[in-house]
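Report on one structure; see the data block that follows.
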Amino acid sequence: MEQRIYHGNIKPRDVANAMVAHFNRGNWRPQIGGDESNLKVQIATRPGANTGGETALTVFIREAPDGVMVQIGQQAWLGVAASLGQSAIATFINPWNLLGRLDDIAQDIENLQMESSAWKIVEKAARSAGVSKQLSERYQRTGCSYCGTANPVGQPNCVSCGAPMGDSQPVTCSRCGFVLHKNEPVCPNCGAKTS
């Protein structure tokens, strides 16, 4: 399950509403559940849809320190695979059947892209709110490794002893937004290389 953290002035409801606005069309039916700090958006194909196979996806949106954390679960794709298989068999039996299955194939392809579409909607909602995966300046203070005094994030030298603060400054993963230590070569959240 991939997760990303967005730092800034954004709430789980903002992301959930963007997901519902995008996916409340065609063969898809989104639903929101949970409380305001921990929402779940379930996106599934409508029961008895005329085209394509059945699929479902769940997006978890939680409050995080100074932002939100978004996780997208594994997509249920077995119904889409069955629909594509049915189209292949029908075309193998009679190539003219392909013309009658074009709507099903188009819907199945759109369904297979549901997870990437969901991430695009999350990114768009984050950009609209002016937030990013970069660490917010007001996120926290960092301690001087020499004297222990709390310093604002980004302070080049300790306000108390003047020691360099470079190694003490937190950074975030450019892929998922997880807060990292300088010496971590791989993000413990998403596995991306940090340098």
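Each chain of the structure tokens is named A, B, ... in the order shown, its residues numbered from 1; ligands are numbered from 1 in display order.
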Practice problem: Give me the residues within 6 Å of region 174-190 of chain A as number ranges by chain, counting only C-alpha atoms and dropping any in the same chain fewer than 4 places off. | Solution: A: 4-5, 133, 170, 194
Practice problem: Name all residues at most 10 Å from Asp14 (chain A) (count only C-alpha atoms; drop same-chain ones fewer than 3 positions away) and give them as an MDAnalysis selection string. | Solution: chainID A and resid 10:11 17:19 61 68 122 125:126 128:129
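Atom to atom, CA of Val59 (chain A) and CA of Asn24 (chain A) stand 14.6 Å apart.
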Quiz item: For Gly34 (chain A), which of A:Cys144, A:Met114, A:Cys161, A:Ala16 is the closest residue, counting only C-alpha atoms?
Solution: A:Ala16
Exercise. Could you jot down the CA of Pro65 (chain A) to CA of Ile43 (chain A) separation for me, Å, one decimal place?
Key: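 The value is 26.5 Å.
Picture a line from CA of Leu57 (chain A) to CA of Tyr6 (chain A); it runs 20.6 Å.
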